[in-house]
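What follows is the content of data-v9.txt (compact mmCIF, C-alpha atoms and all ligand atoms).
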```
# COMPACT_ATOMS: atom_id res chain seq x y z
CA MET Z 1 14.66 -10.97 -16.61
CA SER Z 2 12.99 -12.37 -13.48
CA ILE Z 3 15.29 -13.34 -10.64
CA SER Z 4 15.10 -13.78 -6.90
CA ALA Z 5 18.29 -12.94 -5.07
CA THR Z 6 19.50 -15.02 -2.14
CA PRO Z 7 21.20 -13.42 0.87
CA PRO Z 8 23.84 -12.27 1.33
CA ILE Z 9 22.77 -9.83 -1.36
CA GLN Z 10 25.38 -7.66 -2.98
CA PRO Z 11 24.66 -3.97 -3.59
CA PHE Z 12 22.81 -3.56 -6.86
CA ALA Z 13 20.77 -0.99 -8.74
CA ILE Z 14 17.20 -1.41 -9.94
CA THR Z 15 16.07 0.53 -12.97
CA PHE Z 16 12.59 1.96 -12.59
CA GLY Z 17 10.69 2.33 -15.86
CA ALA Z 18 8.50 5.36 -15.27
CA ASP Z 19 6.30 4.83 -18.34
CA ASN Z 20 5.00 1.40 -17.38
CA ALA Z 21 6.12 1.31 -13.72
CA THR Z 22 8.46 -1.64 -14.33
CA LEU Z 23 11.46 -2.84 -12.33
CA GLU Z 24 14.59 -4.24 -13.94
CA PRO Z 25 15.79 -6.65 -12.70
CA GLN Z 26 12.42 -7.95 -11.65
CA GLY Z 27 11.48 -10.59 -9.10
CA GLN Z 28 8.14 -12.30 -8.48
CA VAL Z 29 4.96 -11.13 -10.16
CA LEU Z 30 1.68 -11.69 -8.33
CA THR Z 31 -1.65 -11.46 -10.15
CA ARG Z 32 -4.83 -11.15 -8.13
CA ARG Z 33 -8.10 -11.84 -9.91
CA MET Z 34 -11.57 -11.14 -8.62
CA SER Z 35 -11.81 -14.76 -7.43
CA ASP Z 36 -8.87 -14.10 -5.09
CA LEU Z 37 -10.89 -11.40 -3.29
CA GLU Z 38 -13.59 -13.63 -1.80
CA GLY Z 39 -15.34 -12.18 1.24
CA LEU Z 40 -13.93 -8.69 0.78
CA PHE Z 41 -16.56 -6.71 -1.13
CA ALA Z 42 -19.75 -5.76 0.69
CA ASP Z 43 -21.95 -7.20 -2.07
CA ALA Z 44 -21.04 -10.92 -2.24
CA ASP Z 45 -23.54 -11.53 -5.07
CA ALA Z 46 -21.97 -8.80 -7.23
CA TRP Z 47 -18.53 -10.27 -6.46
CA ALA Z 48 -19.72 -13.76 -7.55
CA ARG Z 49 -21.20 -12.34 -10.78
CA ALA Z 50 -17.86 -10.65 -11.58
CA VAL Z 51 -16.02 -13.94 -10.98
CA ALA Z 52 -18.45 -15.78 -13.28
CA ASP Z 53 -18.24 -12.99 -15.85
CA GLY Z 54 -14.58 -13.41 -16.81
CA ASP Z 55 -12.91 -13.23 -13.40
CA PRO Z 56 -10.99 -10.02 -14.25
CA VAL Z 57 -7.53 -9.14 -13.01
CA VAL Z 58 -8.00 -6.61 -10.21
CA TYR Z 59 -4.34 -5.94 -9.44
CA THR Z 60 -0.79 -7.09 -9.99
CA VAL Z 61 2.24 -6.81 -7.73
CA VAL Z 62 5.67 -6.73 -9.37
CA SER Z 63 8.50 -7.22 -6.88
CA SER Z 64 12.19 -6.49 -7.06
CA PRO Z 65 14.49 -9.50 -6.55
CA VAL Z 66 14.99 -8.63 -2.85
CA PRO Z 67 13.38 -11.51 -0.88
CA GLU Z 68 11.00 -11.24 2.07
CA VAL Z 69 13.44 -12.34 4.75
CA PRO Z 70 14.52 -10.67 8.01
CA ARG Z 71 16.67 -7.53 7.73
CA GLU Z 72 16.17 -7.16 3.96
CA LEU Z 73 14.04 -4.35 2.57
CA PRO Z 74 11.91 -5.64 -0.34
CA GLN Z 75 10.11 -3.35 -2.75
CA SER Z 76 7.16 -3.84 -5.07
CA ILE Z 77 5.00 -1.91 -7.48
CA THR Z 78 1.28 -2.60 -7.28
CA THR Z 79 -1.07 -1.70 -10.15
CA ILE Z 80 -4.76 -1.69 -9.32
CA GLN Z 81 -7.11 -1.57 -12.29
CA PRO Z 82 -10.02 0.88 -12.23
CA GLY Z 83 -13.34 -0.77 -11.50
CA LEU Z 84 -16.39 -0.97 -9.30
CA THR Z 85 -18.17 -3.93 -7.72
CA ALA Z 86 -21.66 -2.81 -6.73
CA GLY Z 87 -20.35 0.73 -6.28
CA GLU Z 88 -17.29 -0.29 -4.24
CA PHE Z 89 -13.95 0.72 -5.76
CA TRP Z 90 -11.54 -2.06 -6.69
CA MET Z 91 -8.90 -2.60 -4.05
CA THR Z 92 -6.21 -4.86 -2.68
CA LYS Z 93 -7.05 -7.61 -0.21
CA GLY Z 94 -5.44 -5.66 2.59
CA HIS Z 95 -3.38 -7.17 5.35
CA GLN Z 96 -1.86 -6.69 8.76
CA HIS Z 97 1.84 -7.31 9.42
CA PRO Z 98 2.09 -10.23 11.89
CA ASP Z 99 5.37 -8.66 12.98
CA PRO Z 100 4.24 -5.05 13.55
CA GLN Z 101 6.56 -2.98 11.41
CA GLY Z 102 6.07 0.15 9.34
CA GLU Z 103 5.93 0.48 5.56
CA ILE Z 104 6.05 3.33 3.05
CA TYR Z 105 4.16 3.79 -0.20
CA LEU Z 106 4.90 6.27 -2.97
CA GLY Z 107 2.14 7.14 -5.42
CA LEU Z 108 3.36 6.72 -9.03
CA ALA Z 109 0.35 7.04 -11.34
CA GLY Z 110 -3.39 7.42 -11.19
CA HIS Z 111 -5.48 8.31 -8.17
CA GLY Z 112 -5.85 6.05 -5.18
CA GLY Z 113 -6.24 5.91 -1.47
CA LEU Z 114 -4.56 4.16 1.41
CA LEU Z 115 -7.03 2.87 3.97
CA LEU Z 116 -5.53 2.20 7.41
CA PHE Z 117 -7.21 0.47 10.36
CA ASP Z 118 -5.77 -0.36 13.76
CA GLY Z 119 -8.81 -2.28 14.96
CA GLU Z 120 -10.50 0.84 16.38
CA ARG Z 121 -9.59 3.85 14.27
CA ALA Z 122 -9.69 4.11 10.48
CA GLU Z 123 -7.71 6.65 8.45
CA TRP Z 124 -7.78 7.47 4.75
CA LEU Z 125 -4.77 8.91 2.93
CA ASP Z 126 -5.42 10.36 -0.51
CA MET Z 127 -2.71 9.03 -2.85
CA SER Z 128 -1.54 10.55 -6.13
CA PRO Z 129 1.83 10.67 -7.92
CA GLY Z 130 4.52 12.03 -5.61
CA VAL Z 131 2.64 11.44 -2.36
CA ILE Z 132 4.36 9.29 0.27
CA GLY Z 133 1.95 7.41 2.52
CA TYR Z 134 3.29 6.14 5.82
CA ILE Z 135 1.87 2.99 7.40
CA PRO Z 136 2.80 2.88 11.09
CA PRO Z 137 3.34 -0.46 12.86
CA GLY Z 138 0.07 -2.10 13.89
CA TRP Z 139 -2.14 -0.57 11.19
CA ALA Z 140 -3.75 -2.93 8.67
CA HIS Z 141 -3.63 -1.43 5.18
CA ARG Z 142 -5.54 -1.68 1.93
CA SER Z 143 -5.05 0.30 -1.27
CA VAL Z 144 -7.97 1.44 -3.39
CA ASN Z 145 -8.17 2.79 -6.94
CA VAL Z 146 -10.63 5.70 -6.83
CA GLY Z 147 -9.92 6.93 -10.37
CA ASP Z 148 -10.64 5.92 -13.94
CA GLU Z 149 -7.08 4.86 -14.79
CA PRO Z 150 -4.75 2.24 -13.28
CA TYR Z 151 -3.46 3.34 -9.87
CA LYS Z 152 0.22 2.48 -9.31
CA PHE Z 153 2.33 2.78 -6.20
CA LEU Z 154 5.72 1.70 -4.92
CA ALA Z 155 5.89 -0.08 -1.57
CA VAL Z 156 9.02 -0.53 0.57
CA TYR Z 157 8.69 -2.75 3.62
CA PRO Z 158 10.73 -4.82 6.10
CA GLY Z 159 11.31 -8.33 4.83
CA SER Z 160 10.16 -9.92 8.10
CA ALA Z 161 6.85 -8.00 8.32
CA GLY Z 162 4.72 -10.74 6.71
CA HIS Z 163 1.12 -10.67 5.44
CA ASP Z 164 -1.83 -11.60 7.67
CA TYR Z 165 -4.97 -11.64 5.49
CA GLY Z 166 -7.11 -13.38 8.10
CA TRP Z 167 -6.92 -10.31 10.36
CA VAL Z 168 -8.79 -8.24 7.75
CA LEU Z 169 -11.45 -10.93 7.28
CA GLU Z 170 -11.95 -11.02 11.04
CA HIS Z 171 -11.77 -7.32 11.90
CA GLY Z 172 -12.69 -5.57 8.64
CA MET Z 173 -11.03 -2.31 7.62
CA GLY Z 174 -13.18 0.27 9.44
CA LEU Z 175 -14.38 1.94 6.23
CA ARG Z 176 -15.36 1.06 2.68
CA ALA Z 177 -14.60 3.23 -0.34
CA ARG Z 178 -17.61 3.65 -2.60
CA ARG Z 179 -18.47 5.84 -5.58
CA ALA Z 180 -21.46 7.99 -4.67
CA ALA Z 181 -24.27 7.18 -7.10
CA ASP Z 182 -25.38 10.81 -7.44
CA SER Z 183 -22.14 12.83 -7.58
CA GLY Z 184 -19.67 10.09 -8.58
CA ASP Z 185 -17.40 11.28 -5.77
CA LEU Z 186 -15.56 9.09 -3.27
CA ASP Z 187 -17.83 8.18 -0.37
CA LEU Z 188 -16.22 6.58 2.67
CA VAL Z 189 -18.86 4.62 4.55
CA PRO Z 190 -18.71 2.60 7.76
CA PHE Z 191 -17.47 -0.92 7.04
CA GLY Z 192 -20.76 -2.61 7.94
CA THR Z 193 -22.89 -0.43 5.62
CA PRO Z 194 -25.08 -2.79 3.52
CA ALA Z 195 -24.11 -2.89 -0.16
CA GLY Z 196 -25.83 -0.25 -2.25
CA ARG Z 197 -26.62 1.98 0.71
CA HIS Z 198 -25.01 5.20 1.80
CA ARG Z 199 -24.17 6.46 5.23
CA THR Z 200 -27.38 8.47 5.19
CA GLY Z 201 -29.43 5.36 4.45
CA LYS Z 202 -30.29 6.53 0.95
CA PRO Z 203 -30.82 3.66 -1.50
O1 LIG Y 1 -0.97 -8.11 -0.08
P1 LIG Y 1 -2.15 -7.30 -0.55
O2 LIG Y 1 -3.01 -6.80 0.56
O3 LIG Y 1 -2.91 -8.04 -1.59
O4 LIG Y 1 -1.57 -5.97 -1.21
C1 LIG Y 1 -0.80 -5.98 -2.37
C2 LIG Y 1 0.64 -5.56 -2.13
O5 LIG Y 1 0.66 -4.23 -1.70
C3 LIG Y 1 1.95 -3.70 -1.44
O6 LIG Y 1 2.73 -3.70 -2.57
C4 LIG Y 1 2.64 -4.48 -0.38
O7 LIG Y 1 3.90 -4.02 -0.06
C5 LIG Y 1 2.75 -5.89 -0.82
O8 LIG Y 1 3.39 -6.61 0.17
C6 LIG Y 1 1.36 -6.41 -1.07
O9 LIG Y 1 1.40 -7.76 -1.47
```
Let me see whether you can do it: turn the structure in this file into structure tokens.
Amino acid sequence: MSISATPPIQPFAITFGADNATLEPQGQVLTRRMSDLEGLFADADAWARAVADGDPVVYTVVSSPVPEVPRELPQSITTIQPGLTAGEFWMTKGHQHPDPQGEIYLGLAGHGGLLLFDGERAEWLDMSPGVIGYIPPGWAHRSVNVGDEPYKFLAVYPGSAGHDYGWVLEHGMGLRARRAADSGDLDLVPFGTPAGRHRTGKP
């Protein structure tokens, strides 16, 4: 069942399906394909090839029926597929809240990271099942799947926070999450690092 409640909302329970990270009742479902992530990966040519080569689903966001309106507290479960685009881990678009308000994430499955950027400082929170990541007001945030399985997390956020995607296109996110070619480990590199290069300048 997919519904979207209208305020005033009556108290209700949502059943969380742990196996597939489902919500019942369920609200909107958002699907983001590679073509929706234009301008976000360091290697624009690799991004364009991935779009041409099937335009894969990178992540989905399943919301509860609680709407994004002032004073409500919507929730959603995001599932990011595992993948790499020219060595850069698949990720969400990332956004800033136009109305600076906090948000919490809870890791549910897989291995991910929460990249936070306030315009000057960047922080990385390692996310796995059971970890709560806190996003303070004023920090843009992007989630990244750094594992080989789908990374799933629950988000709870103020309904009036909003999503500013232009901020990330303008300011970047401070860091990029890459898979090191030699070790296969997570390598966080400065945001402006050319695609295919490491912090040390190695090819
Ligand atoms: O909005 P994106 O940057 O694409 O991130 C995907 C989603 O992540 C979390 O679930 C947020 O709470 C959602 O509001 C957001 O839509």
Between CA of Leu169 in chain Z and atom O1 of ligand LIG 1 (chain Y), distance in Å (one decimal):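 Computing it gives 13.1 Å between the two atoms.
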Any residue with an atom at most 6 Å from ligand LIG 1 (chain Y) counts, using all atoms listed in the file. Which are they? Put them as a PyMOL selection string. chain Z and resi 61+76-78+92-95+142+155
With C-alpha atoms retained, write the just-selected residues as an mmCIF file, in the coordinates of the input.
```cif
data_model
loop_
_atom_site.group_PDB
_atom_site.id
_atom_site.type_symbol
_atom_site.label_atom_id
_atom_site.label_comp_id
_atom_site.auth_asym_id
_atom_site.auth_seq_id
_atom_site.Cartn_x
_atom_site.Cartn_y
_atom_site.Cartn_z
ATOM 1 C CA VAL Z 61 2.240 -6.810 -7.730
ATOM 2 C CA SER Z 76 7.160 -3.840 -5.070
ATOM 3 C CA ILE Z 77 5.000 -1.910 -7.480
ATOM 4 C CA THR Z 78 1.280 -2.600 -7.280
ATOM 5 C CA THR Z 92 -6.210 -4.860 -2.680
ATOM 6 C CA LYS Z 93 -7.050 -7.610 -0.210
ATOM 7 C CA GLY Z 94 -5.440 -5.660 2.590
ATOM 8 C CA HIS Z 95 -3.380 -7.170 5.350
ATOM 9 C CA ARG Z 142 -5.540 -1.680 1.930
ATOM 10 C CA ALA Z 155 5.890 -0.080 -1.570
#
```
Select, from Z:His171, Z:Arg179, Z:His111, Z:Arg32, the residue with the minimum atom-to-atom distance to Gly192 in chain Z, counting all atoms listed in the file.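 Closest to Gly192 in chain Z of all the choices is Z:His171.
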Write out as JSON lines a residue-level contact list of range 11-127 of chain Z versus range 145-151 of chain Z with cut-off 6 Å: for each qualifying residue the closest pair of atoms and the distance in Å to one decimal, counting all atoms listed in the file, rows sorted by chain and residue number upward.
```
{"residue": "Z:Thr79", "atom": "CA", "partner": "Z:Tyr151", "partner_atom": "CA", "distance": 5.6}
{"residue": "Z:Ile80", "atom": "CA", "partner": "Z:Tyr151", "partner_atom": "CA", "distance": 5.2}
{"residue": "Z:Gln81", "atom": "CA", "partner": "Z:Pro150", "partner_atom": "CA", "distance": 4.6}
{"residue": "Z:Pro82", "atom": "CA", "partner": "Z:Asp148", "partner_atom": "CA", "distance": 5.4}
{"residue": "Z:Trp90", "atom": "CA", "partner": "Z:Asn145", "partner_atom": "CA", "distance": 5.9}
{"residue": "Z:Ala109", "atom": "CA", "partner": "Z:Tyr151", "partner_atom": "CA", "distance": 5.5}
{"residue": "Z:Gly110", "atom": "CA", "partner": "Z:Tyr151", "partner_atom": "CA", "distance": 4.3}
{"residue": "Z:His111", "atom": "CA", "partner": "Z:Gly147", "partner_atom": "CA", "distance": 5.1}
{"residue": "Z:Gly112", "atom": "CA", "partner": "Z:Asn145", "partner_atom": "CA", "distance": 4.4}
```
Please produce a file of those selected residues containing C-alpha atoms, as a short mmCIF file (atom, residue, chain, number, x, y, z; two decimals), in the coordinates of the input.
```
data_model
loop_
_atom_site.label_atom_id
_atom_site.label_comp_id
_atom_site.auth_asym_id
_atom_site.auth_seq_id
_atom_site.Cartn_x
_atom_site.Cartn_y
_atom_site.Cartn_z
CA THR Z 79 -1.07 -1.70 -10.15
CA ILE Z 80 -4.76 -1.69 -9.32
CA GLN Z 81 -7.11 -1.57 -12.29
CA PRO Z 82 -10.02 0.88 -12.23
CA TRP Z 90 -11.54 -2.06 -6.69
CA ALA Z 109 0.35 7.04 -11.34
CA GLY Z 110 -3.39 7.42 -11.19
CA HIS Z 111 -5.48 8.31 -8.17
CA GLY Z 112 -5.85 6.05 -5.18
#
```
Let me make sure I understand: among Z:Glu88, Z:Leu125, Z:Val144, Z:Arg71, which one has the smallest atom-to-atom distance to Ala181 in chain Z if we use all atoms listed in the file?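 Nearest candidate to Ala181 in chain Z out of Z:Glu88, Z:Leu125, Z:Val144, Z:Arg71: Z:Glu88.
CA of Gly159 in chain Z is found 5.3 Å from CA of Leu73 in chain Z.
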Take CA of Pro137 in chain Z and CA of Glu72 in chain Z and report the distance between them in Å, one decimal.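 A separation of 17.0 Å between them.
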So which residues fall inside 9 Å of (11.4, -11.0, -2.6) if we count only C-alpha atoms? Mind giving them as a list in words?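 Result, sorted by chain then residue number: Ser4, Ala5, Gly27, Gln28, Ser63, Ser64, Pro65, Val66, Pro67, Glu68, Val69, Glu72, Leu73, Pro74, Gln75, Ser76 and Gly159 of chain Z.
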Filtering to C-alpha atoms, could you give me those residues as a PDB file, in the coordinates of the input?
```
ATOM      1  CA  SER Z   4      15.100 -13.780  -6.900  1.00  0.00           C
ATOM      2  CA  ALA Z   5      18.290 -12.940  -5.070  1.00  0.00           C
ATOM      3  CA  GLY Z  27      11.480 -10.590  -9.100  1.00  0.00           C
ATOM      4  CA  GLN Z  28       8.140 -12.300  -8.480  1.00  0.00           C
ATOM      5  CA  SER Z  63       8.500  -7.220  -6.880  1.00  0.00           C
ATOM      6  CA  SER Z  64      12.190  -6.490  -7.060  1.00  0.00           C
ATOM      7  CA  PRO Z  65      14.490  -9.500  -6.550  1.00  0.00           C
ATOM      8  CA  VAL Z  66      14.990  -8.630  -2.850  1.00  0.00           C
ATOM      9  CA  PRO Z  67      13.380 -11.510  -0.880  1.00  0.00           C
ATOM     10  CA  GLU Z  68      11.000 -11.240   2.070  1.00  0.00           C
ATOM     11  CA  VAL Z  69      13.440 -12.340   4.750  1.00  0.00           C
ATOM     12  CA  GLU Z  72      16.170  -7.160   3.960  1.00  0.00           C
ATOM     13  CA  LEU Z  73      14.040  -4.350   2.570  1.00  0.00           C
ATOM     14  CA  PRO Z  74      11.910  -5.640  -0.340  1.00  0.00           C
ATOM     15  CA  GLN Z  75      10.110  -3.350  -2.750  1.00  0.00           C
ATOM     16  CA  SER Z  76       7.160  -3.840  -5.070  1.00  0.00           C
ATOM     17  CA  GLY Z 159      11.310  -8.330   4.830  1.00  0.00           C
TER      18      GLY Z 159
END
```
Which residues come within 9 Å of Ala50 in chain Z, counting all atoms listed in the file, excluding same-chain residues fewer than 5 positions away, as a PyMOL selection string? chain Z and resi 34-35+45+55-56+85
Name all residues at most 6 Å from Gln96 in chain Z (count all atoms listed in the file; drop same-chain ones fewer than 4 positions away) and give them as JSON, numbers by chain. {"Z": [140, 163, 164]}
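Residues in contact with Gly119 in chain Z at up to 12 Å, not including ones fewer than 6 positions away on its chain and judged by only C-alpha atoms, are Z:Gln96, Z:Gly138, Z:Trp139, Z:Ala140, Z:His141, Z:Trp167, Z:Val168, Z:Leu169, Z:Glu170, Z:His171, Z:Gly172, Z:Met173, Z:Gly174, Z:Leu175, Z:Phe191.
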Near Thr15 in chain Z, within 9 Å and counting only C-alpha atoms, which residues show up once chain neighbours fewer than 6 positions away are dropped, as a PyMOL selection string? chain Z and resi 22-25
